[in-house]
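In what follows, a single structure is set out as structure tokens and then discussed.
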There are 2 protein chains.
Amino acid sequence: MKVPVVERIMRANDVLADEVRQTLRENGIVALNIMGAPGSGKTSLIEQTIARLGETTVAVIEGDIATTLDADRLSKLGVQVVQINTGGSCHLDAGMVKMALAQMKLSTLDLLFIENVGNLVCPAEFDIGEYKKVLVSSVPEGHDKVQKYPLMFRLVDAVVLNKTDLMQHVDFDLGVFRSSLTDINSRAPLFEVSCKTADNLDSWVAWVRSQVTS
Amino acid sequence: MKVPVVERIMRANDVLADEVRQTLRENGIVALNIMGAPGSGKTSLIEQTIARLGETTVAVIEGDIATTLDADRLSKLGVQVVQINTGGSCHLDAGMVKMALAQMKLSTLDLLFIENVGNLVCPAEFDIGEYKKVLVSSVPEGHDKVQKYPLMFRLVDAVVLNKTDLMQHVDFDLGVFRSSLTDINSRAPLFEVSCKTADNLDSWVAWVRSQVTS
């Protein structure tokens, strides 16, 4: 009995994801679904990116199981932020994003970051109507994460490897990480950055900007 | 339609969990369910603990979405290891553990580590027949994880904060982490360790040993 019901939920989600995508398209908004393990630095990446985007008008949907800690951080940047608390759900779904969009002023927006729940597994399986999927991985998680969580790394359009400032303090083989990623997903560009030291963020920000203007 | 079906699956899991618990009890085996985010150091903690346990006879069930990377690491320690690849599932369930136990020599075992899939959300909800639940968190994940993933921190019997050697290189407020944990779960002991430098592992190992002999 399990599989048919799950398929039905997935299909319902896909219908809602198409509605979200349509709303975003009508308003000329590019939405990036930012995924990654807990503590990989998703919120920090969004903060650093917004600070560098200049003229682009940005908003954020913050997905968390509980608390408004990340939304509070982001609202200090003077951008629209809507918090989704999933209660217990391990990922955002399109219905949640649709409800969040209903509370936002969309007409002036260029770019929407949707920060998913911290999780390397479940968010990969749910289309939330985004334009592109981005994965934030981080150096202290280890170089084996590409192989151990293949679906997530396979599905995304870009990978950000964060916390490169910790490279010298942990056992991380950058060659293994790079080659595993190329093996599993050769089309996703890899950006190796440190959100803490702001190192090497320029090419990532240029990629984000290119999504908005393309 | 969704909720009743999920409830039925959960109940089926609980029946299997009781069977697992019964099998373990009959064989005098203490099972610890080791959970934590990807890269928190679950495998490293198991490695370091096994190396310090002396006379205790240990085995490991390794849960991963894909690969045998962690099982390969652990089998070098000369202990029984069984790998469960969940395919895509974001957590172990009791049925998987039951199948793994069927492939193991149980009669001589004292202690079984069951390393769950790297995930701070889903594994909390599934009883796998363990005796105690242990959560491995790590310093680079940030001090806000207790508040952001409350169910996991609330349910566990012990918390290991790993990678304390990185404390000086990241923005981690140990006071906030400790007080958040006390607020949400006052009965779980907290062990602050570094599996890399082997710092402060003694009290954790003593706790594990006390579970076996109690």
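The way I read the labels, and the way they are meant: chains A, B, ... in the order of the structure tokens, residue 1 as the first residue of every chain, and ligand 1 as the first ligand shown, with later ones counted on from there.
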
- Message: Which of region 11-198 of chain B end up as strand (DSSP E) when DSSP is run on this backbone - answer as an NGL selection string?
- Response: :B and (30-36 or 58-64 or 80-85 or 111-115 or 132-138 or 158-162 or 190-192)

- Task: Compute the chain A side of the contact with chain B at 10 Å, counting only C-alpha atoms, and hand it back as a VMD selection string.
- Result: chain A and resid 1 to 2 5 to 6 8 to 9 36 to 41 64 to 70 85 87 to 91 117 to 122 125 137 to 145 147 to 151 163 165 to 166 169 to 171 196

- Message: Please return, as JSON, numbers by chain, all residues of region 60-142 of chain B that DSSP assigns to alpha helix (DSSP H) on the basis of the backbone.
- Response: {"B": [69, 70, 71, 72, 73, 74, 75, 94, 95, 96, 97, 98, 99, 100, 101]}

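Between CA of Asp183 (chain A) and CA of Leu135 (chain A) the interatomic distance comes to 16.3 Å.
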
- For Ser44 (chain B), please output as a VMD selection string all residues within 10 Å (counting only C-alpha atoms; exclusion window: fewer than 5 positions along the same chain). chain B and resid 39 49 to 50 70 73 to 74 162 194 to 196

Output C-alpha atoms for every residue in that selection, as an mmCIF file, in the first residue's frame.
data_model
loop_
_atom_site.group_PDB
_atom_site.id
_atom_site.type_symbol
_atom_site.label_atom_id
_atom_site.label_comp_id
_atom_site.auth_asym_id
_atom_site.auth_seq_id
_atom_site.Cartn_x
_atom_site.Cartn_y
_atom_site.Cartn_z
ATOM 1 C CA GLY B 39 29.829 14.481 8.545
ATOM 2 C CA THR B 49 35.236 3.898 21.035
ATOM 3 C CA ILE B 50 35.892 0.361 19.789
ATOM 4 C CA ASP B 70 32.129 3.481 6.406
ATOM 5 C CA ARG B 73 36.729 1.680 7.574
ATOM 6 C CA LEU B 74 35.222 -0.221 10.493
ATOM 7 C CA ASN B 162 32.434 16.217 18.396
ATOM 8 C CA SER B 194 37.418 15.430 19.565
ATOM 9 C CA CYS B 195 37.650 12.151 17.688
ATOM 10 C CA LYS B 196 40.543 13.589 15.684
#

- Task: May I ask for the distance between CA of Asn27 (chain A) and CA of Arg11 (chain A), given in Å to one decimal place?
- Result: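 Between these atoms lies a distance of 24.8 Å.
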